[in-house]
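Participant: Enclosed is the structure file run.txt (compact mmCIF, C-alpha atoms and all ligand atoms).
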# COMPACT_ATOMS: atom_id res chain seq x y z
CA MET A 22 91.51 110.13 110.18
CA PRO A 23 88.14 109.35 108.60
CA ASN A 24 86.60 105.91 109.06
CA TYR A 25 89.24 104.63 111.39
CA GLN A 26 87.98 103.76 114.85
CA SER A 27 88.72 106.67 117.13
CA PRO A 28 92.03 106.39 118.91
CA LEU A 29 91.22 106.30 122.61
CA ILE A 30 94.04 108.48 123.72
CA PRO A 31 94.54 108.45 127.49
CA ALA A 32 93.26 111.59 129.24
CA ASN A 33 96.70 112.52 130.53
CA TYR A 34 98.38 111.84 127.19
CA SER A 35 100.33 114.74 125.78
CA ARG A 36 102.41 114.83 122.60
CA ASP A 37 104.90 116.96 124.56
CA SER A 38 105.81 113.92 126.60
CA GLU A 39 107.03 112.29 123.36
CA THR A 40 109.28 115.19 122.47
CA SER A 41 110.27 116.82 125.74
CA SER A 42 113.69 115.23 125.66
CA ASN A 43 115.82 114.21 122.72
CA ALA A 44 117.48 111.34 124.54
CA PRO A 45 115.24 108.26 124.68
CA ASP A 46 114.07 107.44 128.19
CA PRO A 47 115.61 104.03 129.03
CA ILE A 48 112.51 102.94 130.97
CA VAL A 49 110.22 103.83 128.08
CA GLU A 50 112.54 102.00 125.66
CA THR A 51 112.55 98.90 127.88
CA HIS A 52 108.76 99.04 128.13
CA LYS A 53 108.44 99.37 124.35
CA HIS A 54 110.65 96.33 123.85
CA GLU A 55 108.60 94.37 126.37
CA ALA A 56 105.35 95.40 124.68
CA ILE A 57 106.67 94.37 121.27
CA ALA A 58 107.89 91.05 122.66
CA CYS A 59 104.35 90.38 124.00
CA LEU A 60 102.73 91.35 120.70
CA LYS A 61 105.11 89.01 118.88
CA GLN A 62 103.35 86.17 120.63
CA VAL A 63 100.10 86.97 118.82
CA VAL A 64 100.11 84.84 115.68
CA GLU A 65 97.79 85.36 112.70
CA PRO A 66 96.72 81.75 112.16
CA VAL A 67 96.32 81.85 108.37
CA LEU A 68 99.52 83.72 107.58
CA LYS A 69 101.30 81.75 110.33
CA ASN A 70 103.33 84.70 111.49
CA ASN A 71 103.12 87.13 114.40
CA ILE A 72 101.33 90.48 114.05
CA VAL A 73 104.55 92.47 114.51
CA SER A 74 106.43 90.68 111.73
CA LEU A 75 103.35 91.00 109.51
CA GLY A 76 103.58 94.80 109.78
CA MET A 77 100.19 95.03 111.51
CA VAL A 78 101.52 96.85 114.58
CA ARG A 79 102.67 100.38 113.86
CA ASN A 80 103.32 103.67 115.72
CA LEU A 81 103.74 101.86 119.03
CA ASN A 82 104.26 104.25 121.90
CA VAL A 83 104.48 103.92 125.66
CA VAL A 84 103.37 106.90 127.74
CA ASP A 85 103.57 106.43 131.49
CA HIS A 86 101.75 103.16 132.07
CA TYR A 87 99.82 103.15 128.83
CA VAL A 88 100.61 101.35 125.57
CA TYR A 89 99.29 102.91 122.38
CA PHE A 90 99.57 101.56 118.83
CA ARG A 91 97.81 101.27 115.50
CA LEU A 92 96.68 97.81 114.38
CA TYR A 93 96.39 97.49 110.59
CA ILE A 94 94.21 94.49 109.83
CA GLY A 95 91.78 93.10 107.29
CA THR A 96 88.07 93.29 108.01
CA HIS A 97 87.99 89.57 109.00
CA GLN A 98 90.84 89.91 111.51
CA GLN A 99 89.13 92.07 114.17
CA TYR A 100 89.67 89.31 116.75
CA LEU A 101 93.41 90.13 116.71
CA GLN A 102 92.62 93.27 118.69
CA GLU A 103 91.42 91.22 121.66
CA LEU A 104 94.37 88.81 121.37
CA ALA A 105 96.79 91.76 121.36
CA ARG A 106 95.09 93.26 124.41
CA ARG A 107 95.30 89.94 126.26
CA ALA A 108 98.98 89.50 125.37
CA LEU A 109 99.79 92.94 126.81
CA SER A 110 97.87 92.25 130.02
CA SER A 111 100.82 90.13 131.18
CA LEU A 112 102.91 93.32 131.59
CA ILE A 113 102.64 94.32 135.23
CA TRP A 114 103.47 98.01 134.56
CA CYS A 115 100.84 98.33 131.78
CA LYS A 116 97.61 99.82 133.17
CA LYS A 117 95.76 100.19 129.89
CA THR A 118 96.17 99.49 126.18
CA TYR A 119 94.85 101.85 123.51
CA ILE A 120 94.55 100.26 120.09
CA GLN A 121 93.57 102.25 117.01
CA VAL A 122 92.21 99.67 114.58
CA CYS A 123 92.87 100.62 110.94
CA THR A 124 90.78 98.66 108.44
CA ILE A 125 89.26 99.33 105.04
CA PRO A 126 85.63 98.33 105.66
CA GLY A 127 84.73 95.12 103.79
CA VAL A 128 88.27 94.45 102.57
CA ARG A 129 90.06 91.29 103.71
CA THR A 130 93.46 91.48 102.08
CA THR A 131 95.13 94.65 100.83
CA LEU A 132 98.22 94.17 98.70
CA ALA A 133 100.48 96.84 97.21
CA VAL A 134 101.89 96.39 93.70
CA SER A 135 105.10 98.35 93.53
CA SER A 136 108.20 98.82 91.43
CA GLY A 137 111.56 100.46 91.95
CA LYS A 138 111.34 102.38 88.67
CA GLY A 139 108.74 103.38 86.09
CA GLY A 140 107.99 101.49 82.91
CA VAL A 141 108.67 97.93 84.14
CA GLY A 142 105.01 96.96 83.73
CA LYS A 143 103.73 97.51 87.27
CA SER A 144 100.27 98.71 86.22
CA THR A 145 100.05 96.00 83.54
CA THR A 146 100.89 93.44 86.22
CA ALA A 147 98.32 94.88 88.67
CA VAL A 148 95.54 94.75 86.05
CA ASN A 149 96.35 91.26 84.80
CA LEU A 150 96.77 89.90 88.30
CA ALA A 151 93.40 91.41 89.29
CA ALA A 152 91.83 89.72 86.25
CA SER A 153 93.43 86.35 87.12
CA LEU A 154 92.28 86.56 90.74
CA LYS A 155 88.79 87.41 89.50
CA MET A 156 88.87 84.43 87.11
CA ALA A 157 89.82 82.25 90.11
CA GLY A 158 86.62 83.33 91.88
CA ALA A 159 87.89 86.09 94.19
CA ARG A 160 86.16 89.45 94.71
CA VAL A 161 88.72 91.98 93.58
CA GLY A 162 89.21 95.74 93.76
CA LEU A 163 91.95 97.73 92.10
CA LEU A 164 93.02 101.10 93.47
CA ASP A 165 95.16 103.09 91.06
CA ALA A 166 97.17 105.24 93.44
CA ASP A 167 99.89 106.02 90.90
CA VAL A 168 99.49 109.76 91.39
CA TYR A 169 102.23 110.51 88.86
CA GLY A 170 100.90 108.36 86.00
CA PRO A 171 97.48 106.85 86.67
CA ASN A 172 96.71 104.73 83.60
CA ILE A 173 94.56 101.89 84.90
CA PRO A 174 91.22 103.40 83.72
CA ARG A 175 92.65 103.53 80.18
CA MET A 176 93.86 99.94 80.43
CA LEU A 177 90.33 98.92 81.41
CA GLY A 178 88.54 101.16 78.91
CA LEU A 179 87.05 103.38 81.63
CA THR A 180 88.34 106.79 80.56
CA ASP A 181 84.98 108.51 79.99
CA SER A 182 83.30 107.18 83.11
CA ASP A 183 81.92 109.38 85.90
CA VAL A 184 82.50 108.55 89.54
CA GLN A 185 79.33 108.60 91.65
CA VAL A 186 79.15 109.62 95.29
CA VAL A 187 76.86 107.67 97.64
CA GLU A 188 75.58 108.26 101.16
CA THR A 189 76.69 105.59 103.63
CA GLU A 190 76.45 105.19 107.39
CA GLN A 191 79.97 106.61 107.58
CA GLY A 192 79.13 109.63 105.40
CA GLN A 193 79.60 110.28 101.68
CA LYS A 194 81.80 107.86 99.75
CA PHE A 195 82.97 107.35 96.19
CA LEU A 196 81.42 104.41 94.37
CA PRO A 197 84.07 102.45 92.47
CA LEU A 198 83.56 101.77 88.77
CA GLU A 199 83.49 98.19 87.53
CA ALA A 200 85.25 96.52 84.59
CA TYR A 201 85.30 92.76 83.97
CA GLY A 202 83.84 92.30 87.46
CA ILE A 203 86.79 94.17 89.03
CA LYS A 204 85.97 97.25 91.14
CA VAL A 205 88.17 100.15 90.12
CA MET A 206 89.04 103.53 91.58
CA SER A 207 91.79 105.77 90.26
CA VAL A 208 93.19 109.18 90.97
CA ALA A 209 92.77 109.74 87.22
CA LEU A 210 88.98 109.45 87.56
CA LEU A 211 88.89 112.35 90.00
CA ALA A 212 91.35 114.63 88.22
CA GLU A 213 90.54 116.90 85.31
CA PRO A 214 91.38 115.27 81.99
CA GLU A 215 94.87 116.13 80.70
CA HIS A 216 95.60 117.99 83.95
CA PRO A 217 99.00 117.01 85.39
CA LEU A 218 98.78 115.43 88.81
CA ALA A 219 101.61 117.22 90.58
CA TRP A 220 100.41 116.63 94.13
CA ARG A 221 102.85 117.06 96.95
CA GLY A 222 102.98 117.10 100.74
CA PRO A 223 99.69 117.74 102.55
CA VAL A 224 97.54 117.67 99.38
CA LEU A 225 98.99 114.33 98.40
CA HIS A 226 98.45 113.03 101.93
CA LYS A 227 94.82 114.16 101.90
CA ILE A 228 94.07 112.67 98.46
CA VAL A 229 95.69 109.40 99.41
CA THR A 230 93.91 109.02 102.75
CA GLN A 231 90.64 109.94 101.05
CA PHE A 232 91.23 107.23 98.55
CA ILE A 233 91.96 104.66 101.13
CA ASN A 234 89.08 105.52 103.41
CA GLU A 235 86.36 107.10 101.33
CA VAL A 236 85.64 104.48 98.69
CA GLU A 237 82.65 102.21 99.17
CA TRP A 238 84.31 98.96 98.09
CA GLY A 239 81.70 96.56 99.45
CA ASP A 240 83.02 93.08 100.28
CA LEU A 241 86.37 92.28 98.69
CA ASP A 242 88.77 89.38 99.06
CA TYR A 243 91.58 91.46 97.60
CA LEU A 244 92.25 95.13 97.15
CA LEU A 245 95.30 95.63 94.94
CA ILE A 246 96.89 99.08 95.25
CA ASP A 247 98.95 100.18 92.26
CA LEU A 248 101.58 102.42 93.88
CA PRO A 249 103.56 105.12 92.10
CA PRO A 250 107.01 103.84 91.07
CA GLY A 251 110.00 104.50 93.33
CA THR A 252 110.38 105.15 97.04
CA GLY A 253 109.36 108.78 97.49
CA ASP A 254 106.77 110.69 99.52
CA ALA A 255 103.75 109.30 97.77
CA GLN A 256 104.66 105.65 98.24
CA ILE A 257 105.57 106.04 101.88
CA THR A 258 102.35 107.96 102.64
CA ILE A 259 100.17 105.29 101.02
CA VAL A 260 102.02 102.43 102.64
CA GLN A 261 101.85 104.04 106.07
CA GLU A 262 98.17 104.97 105.83
CA SER A 263 96.73 101.70 104.56
CA PRO A 264 96.34 98.24 106.07
CA ILE A 265 98.64 96.69 103.47
CA CYS A 266 99.25 93.01 104.25
CA GLY A 267 102.20 92.85 101.93
CA ALA A 268 103.89 94.21 98.84
CA ILE A 269 104.38 92.57 95.46
CA LEU A 270 107.36 94.00 93.63
CA VAL A 271 107.57 94.08 89.87
CA THR A 272 110.89 94.18 88.07
CA THR A 273 112.45 93.34 84.73
CA PRO A 274 115.59 91.20 84.39
CA GLN A 275 117.81 94.26 83.72
CA GLN A 276 120.48 95.22 86.25
CA VAL A 277 119.27 98.83 86.49
CA ALA A 278 115.72 97.73 87.39
CA ILE A 279 117.12 95.34 89.97
CA SER A 280 119.10 97.96 91.90
CA ASP A 281 115.89 100.02 92.17
CA VAL A 282 114.01 96.99 93.47
CA ARG A 283 116.64 96.57 96.16
CA ARG A 284 115.86 100.13 97.35
CA SER A 285 112.12 99.41 97.30
CA ILE A 286 112.51 96.27 99.38
CA HIS A 287 114.47 98.22 101.98
CA MET A 288 111.76 100.91 102.05
CA PHE A 289 109.00 98.34 102.71
CA ARG A 290 111.09 96.59 105.35
CA ASN A 291 111.79 99.94 107.04
CA VAL A 292 108.08 100.67 107.43
CA GLY A 293 107.44 97.08 108.52
CA VAL A 294 105.46 95.87 105.51
CA PRO A 295 106.32 92.30 104.49
CA ILE A 296 107.30 91.54 100.90
CA ILE A 297 105.02 88.85 99.46
CA GLY A 298 107.32 88.30 96.51
CA LEU A 299 108.82 89.45 93.28
CA ILE A 300 107.33 89.23 89.79
CA GLU A 301 109.81 89.37 86.94
CA ASN A 302 108.06 90.98 83.99
CA MET A 303 109.28 90.92 80.38
CA SER A 304 111.37 87.90 81.39
CA TYR A 305 111.60 86.33 77.96
CA LEU A 306 110.09 86.25 74.50
CA LEU A 307 108.61 82.98 73.35
CA HIS A 308 109.63 82.32 69.76
CA ARG A 309 108.75 78.97 68.12
CA GLY A 310 108.61 77.34 71.54
CA GLU A 311 111.99 78.73 72.60
CA ARG A 312 112.59 81.29 75.35
CA ILE A 313 114.69 84.24 74.22
CA ALA A 314 116.05 86.37 77.07
CA VAL A 315 115.63 89.80 75.48
CA PHE A 316 116.61 91.80 78.57
CA GLY A 317 119.14 89.37 80.04
CA GLU A 318 118.59 86.43 82.31
CA GLY A 319 118.38 85.50 85.97
CA GLY A 320 117.98 89.04 87.39
CA GLY A 321 114.76 88.25 89.26
CA GLU A 322 116.19 85.02 90.67
CA GLN A 323 119.37 86.79 91.72
CA ILE A 324 117.62 89.47 93.72
CA ALA A 325 115.07 87.03 95.13
CA THR A 326 117.92 84.93 96.52
CA GLU A 327 119.97 87.91 97.68
CA LEU A 328 117.11 89.57 99.55
CA GLN A 329 115.30 86.39 100.53
CA VAL A 330 111.99 87.10 98.86
CA PRO A 331 110.06 84.52 96.84
CA LEU A 332 110.08 84.79 93.05
CA MET A 333 106.35 84.53 92.41
CA GLY A 334 106.49 84.23 88.66
CA GLN A 335 108.09 85.21 85.37
CA ILE A 336 105.89 86.99 82.83
CA PRO A 337 106.84 86.74 79.16
CA LEU A 338 106.95 89.64 76.73
CA ASP A 339 103.78 89.50 74.69
CA SER A 340 102.77 92.11 72.15
CA GLN A 341 99.11 91.28 72.78
CA ILE A 342 99.36 92.72 76.28
CA CYS A 343 99.98 96.13 74.73
CA GLN A 344 96.87 95.78 72.58
CA SER A 345 94.88 94.87 75.64
CA GLY A 346 96.32 97.92 77.40
CA ASP A 347 95.15 100.17 74.60
CA THR A 348 91.76 98.64 73.90
CA GLY A 349 90.58 97.62 77.36
CA GLN A 350 90.65 93.86 76.60
CA LEU A 351 92.36 91.70 79.21
CA LEU A 352 94.44 88.75 78.05
CA PRO A 353 93.79 86.44 81.06
CA ILE A 354 90.05 86.75 80.30
CA ALA A 355 90.12 86.92 76.48
CA GLN A 356 92.82 84.22 76.03
CA PRO A 357 93.16 82.17 79.22
CA ASP A 358 95.49 79.68 77.50
CA ALA A 359 98.03 82.28 76.37
CA ASN A 360 101.44 81.83 77.94
CA LEU A 361 101.18 85.16 79.75
CA SER A 362 97.70 84.32 81.10
CA GLN A 363 99.02 81.03 82.49
CA ALA A 364 101.91 82.82 84.20
CA PHE A 365 99.46 85.19 85.93
CA ARG A 366 97.13 82.31 86.83
CA GLN A 367 99.99 80.58 88.63
CA ILE A 368 100.68 83.75 90.65
CA ALA A 369 96.97 84.15 91.49
CA THR A 370 96.80 80.53 92.65
CA GLY A 371 99.80 81.12 94.91
CA LEU A 372 98.11 84.17 96.46
CA ASN A 373 94.81 82.32 96.91
CA ASN A 374 96.61 79.51 98.69
CA THR A 375 98.05 82.03 101.12
CA PHE A 376 95.21 84.47 101.67
CA VAL A 377 91.83 83.19 100.58
CA VAL A 378 91.68 79.43 100.20
CA SER A 379 93.34 78.77 103.52
CA GLN A 380 91.13 81.43 105.09
CA SER A 381 87.93 79.71 103.90
CA ALA A 382 89.38 76.44 105.13
CA LYS A 383 89.82 78.10 108.52
CA VAL A 384 86.28 79.48 108.52
CA SER A 385 84.78 76.09 107.63
CA SER A 386 86.80 74.34 110.34
CA GLU A 387 85.59 76.76 113.03
N1 LIG A 401 104.92 91.51 79.56
C1 LIG A 401 104.83 92.52 78.71
N2 LIG A 401 104.96 92.31 77.37
C2 LIG A 401 104.89 93.35 76.49
N3 LIG A 401 104.68 94.63 76.86
C3 LIG A 401 104.54 94.91 78.17
C4 LIG A 401 104.60 93.87 79.16
N4 LIG A 401 104.41 94.46 80.38
C5 LIG A 401 104.24 95.77 80.15
N5 LIG A 401 104.30 96.06 78.83
C6 LIG A 401 104.16 97.38 78.21
O1 LIG A 401 105.13 98.25 78.79
C7 LIG A 401 104.61 99.57 78.91
C8 LIG A 401 104.75 100.04 80.36
O2 LIG A 401 103.86 99.26 81.15
P1 LIG A 401 103.14 99.85 82.44
O3 LIG A 401 102.46 101.14 82.13
O4 LIG A 401 102.36 98.76 83.04
O5 LIG A 401 104.43 100.15 83.31
P2 LIG A 401 104.52 100.82 84.75
O6 LIG A 401 105.66 100.16 85.44
O7 LIG A 401 103.21 100.81 85.44
O8 LIG A 401 104.91 102.28 84.35
P3 LIG A 401 104.72 103.62 85.23
O9 LIG A 401 105.01 103.23 86.64
O10 LIG A 401 105.71 104.55 84.66
O11 LIG A 401 103.28 104.01 85.07
C9 LIG A 401 103.16 99.51 78.42
O12 LIG A 401 103.12 99.94 77.09
C10 LIG A 401 102.82 98.03 78.51
O13 LIG A 401 101.84 97.65 77.57
Render the structure in this file as structure tokens.
Ligand SMILES: Nc1ncnc2c1ncn2[C@@H]1O[C@H](COP(=O)(O)OP(=O)(O)OP(=O)(O)O)[C@@H](O)[C@H]1O

Facilitator:
Amino acid sequence: MPNYQSPLIPANYSRDSETSSNAPDPIVETHKHEAIACLKQVVEPVLKNNIVSLGMVRNLNVVDHYVYFRLYIGTHQQYLQELARRALSSLIWCKKTYIQVCTIPGVRTTLAVSSGKGGVGKSTTAVNLAASLKMAGARVGLLDADVYGPNIPRMLGLTDSDVQVVETEQGQKFLPLEAYGIKVMSVALLAEPEHPLAWRGPVLHKIVTQFINEVEWGDLDYLLIDLPPGTGDAQITIVQESPICGAILVTTPQQVAISDVRRSIHMFRNVGVPIIGLIENMSYLLHRGERIAVFGEGGGEQIATELQVPLMGQIPLDSQICQSGDTGQLLPIAQPDANLSQAFRQIATGLNNTFVVSQSAKVSSE
């Protein structure tokens, strides 16, 4: 896998030993549980949770007396590797630990923006959230990985732009474009215009891993990844291949959108990626100071309570957001006092309190 530190596979490691028997070896299973229990003692101090619950430890395997796993972390969290190694050293049977560190160089916090179904305003949310984070002083990148409908370049007025390739120490990389101070890369920028993006299986996997690893982002506080809607191949590949710290789910108040969100939440939990929260888009229409619930009421709150995820914010319907989508003007920048801009600002502040502000507080206290 390009740009990931080489996995130091033990010399006597063989994939056959993973598959030689269908029945799980009870000793291996016990050792795996013990290894996970040790890793659960390693706490990420800013997020105040252990690295297993944060979805940072994946593909954990025990072969003979060796523990192998992938550690998905931000560029500022390299120290967790040493803490994980130390935690495992308490296992008397464990002779050596092999950790494959998976990081996007320069990127601190990678967040996925996802939705259970298409058309709920996922890309609109990703773009406006990126703009609000940028307005709050963060360095932001936006990766449009919606292979089935990449429309972020159009939303940012970047349709005719060419992507440059640069030489770096790690080989050739794509240079992201920039709009409103946000770094942008999209599958649409690499595809032929008007050519349908019907990527599947290995091609999809290759494109996605290239995207994640072969873009020269520079230093970013946040990389927002706009995922394709739903819970299919493409989403799972991206989520499994990238150091995503958490997922933000976008829904509308309608019942049908909510049942899809439920499926999405289960998918993220199955692959061990924490849900940061839920954004209810198109929540209401503001008319003469009154909120009109065009698509029903309370859906976001209901699912947030049911599945125990925070409701990060409710975004109103606003016809101006469509204009901004079509003309490349962003409401949080052009009209920071608009109701919709304020709703996004509140969400950005919440994220900054979790990921960036508290992190700088940590750095200054060190
Ligand atoms: N809060 C809002 N108020 C008014 N219109 C909105 C709002 N959010 C999104 N829209 C409009 O809804 C349409 C769909 O939005 P968008 O493309 O962001 O959805 P999506 O979930 O990313 O769709 P897909 O996943 O199918 O690409 C767009 O025309 C967008 O301008």

Participant: Please identify all polymer residues within 6 Å of A:Gln335, counting only C-alpha atoms, omitting same-chain residues fewer than 6 positions from it, and present them as number ranges by chain.

Facilitator: A: 301-302, 304

Participant: Could you name the residues that touch A:Tyr201 at 9 Å or less, counting only C-alpha atoms, but leaving out those on the same chain fewer than 2 positions away, as a list in words?

Facilitator: Ala152, Lys155, Leu177, Glu199, Ile203, Lys204, Leu351 and Ile354 of chain A

Participant: Can I get the selected residues back with C-alpha atoms, as a compact mmCIF listing (two decimals), in the frame of the given file?

Facilitator:
# COMPACT_ATOMS: atom_id res chain seq x y z
CA ALA A 152 91.83 89.72 86.25
CA LYS A 155 88.79 87.41 89.50
CA LEU A 177 90.33 98.92 81.41
CA GLU A 199 83.49 98.19 87.53
CA ILE A 203 86.79 94.17 89.03
CA LYS A 204 85.97 97.25 91.14
CA LEU A 351 92.36 91.70 79.21
CA ILE A 354 90.05 86.75 80.30

Participant: Considering only C-alpha atoms, state which residue in the set A:Ile368, A:Leu332, A:Leu60, A:Ile233 is at the smallest distance from A:Ser111.

Facilitator: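 Among A:Ile368, A:Leu332, A:Leu60, A:Ile233, it is A:Leu60 that comes nearest to A:Ser111.
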
Participant: Could you list, as a list in words, all the residues within 7 Å of ligand LIG 401 (chain A), counting all atoms listed in the file?

Facilitator: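 Based on all atoms listed in the file, ligand LIG 401 (chain A) is surrounded within 7 Å by Ser136, Lys138, Gly139, Gly140, Val141, Gly142, Lys143, Ser144, Thr145, Thr146, Gly170, Pro171, Asn172, Pro249, Pro250, Asn302, Met303, Ile336, Pro337, Leu338, Asp339, Ser340, Ile342, Cys343 and Gly346 of chain A.
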
Participant: Which polymer residues have any atom within 12 Å of an atom of A:Gly298, counting all atoms listed in the file, with same-chain residues fewer than 6 positions away left out, as number ranges by chain?

Facilitator: A: 132-136, 267-272, 282, 286, 289, 321-322, 324-326, 328-335, 368, 371-372

Participant: Only C-alpha atoms, please: the residues just picked out, written as a tab-separated table (two decimals), in the coordinates of the input.

Facilitator:
chain	number	residue	atom	x	y	z
A	132	LEU	CA	98.22	94.17	98.70
A	133	ALA	CA	100.48	96.84	97.21
A	134	VAL	CA	101.89	96.39	93.70
A	135	SER	CA	105.10	98.35	93.53
A	136	SER	CA	108.20	98.82	91.43
A	267	GLY	CA	102.20	92.85	101.93
A	268	ALA	CA	103.89	94.21	98.84
A	269	ILE	CA	104.38	92.57	95.46
A	270	LEU	CA	107.36	94.00	93.63
A	271	VAL	CA	107.57	94.08	89.87
A	272	THR	CA	110.89	94.18	88.07
A	282	VAL	CA	114.01	96.99	93.47
A	286	ILE	CA	112.51	96.27	99.38
A	289	PHE	CA	109.00	98.34	102.71
A	321	GLY	CA	114.76	88.25	89.26
A	322	GLU	CA	116.19	85.02	90.67
A	324	ILE	CA	117.62	89.47	93.72
A	325	ALA	CA	115.07	87.03	95.13
A	326	THR	CA	117.92	84.93	96.52
A	328	LEU	CA	117.11	89.57	99.55
A	329	GLN	CA	115.30	86.39	100.53
A	330	VAL	CA	111.99	87.10	98.86
A	331	PRO	CA	110.06	84.52	96.84
A	332	LEU	CA	110.08	84.79	93.05
A	333	MET	CA	106.35	84.53	92.41
A	334	GLY	CA	106.49	84.23	88.66
A	335	GLN	CA	108.09	85.21	85.37
A	368	ILE	CA	100.68	83.75	90.65
A	371	GLY	CA	99.80	81.12	94.91
A	372	LEU	CA	98.11	84.17	96.46

Participant: Could you pull the residues within 10 Å of A:Gly127, counting all atoms listed in the file, minus those fewer than 5 positions along the same chain, as a PyMOL selection string?

Facilitator: chain A and resi 95-97+237-243

Participant: Looking at only C-alpha atoms, which of A:Gln276, A:Gln256, A:Gln350, A:Gln231 is the one that sits closest to A:Phe316?

Facilitator: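 Of A:Gln276, A:Gln256, A:Gln350, A:Gln231, the one nearest A:Phe316, counting only C-alpha atoms, is A:Gln276.
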
Participant: To test the calculation: enclose all listed atoms of stretch 273-288 of chain A in a box whose edges run along x, y and z, add 5 Å on each side, then state centre and edge lengths in Å to one decimal, as JSON.

Facilitator:
{"center_x": 116.1, "center_y": 96.1, "center_z": 92.9, "size_x": 18.7, "size_y": 19.7, "size_z": 28.3}

Participant: One number please: atom CA of A:Leu179 to atom CA of A:Ser207, in Å, one decimal.

Facilitator: 10.1 Å
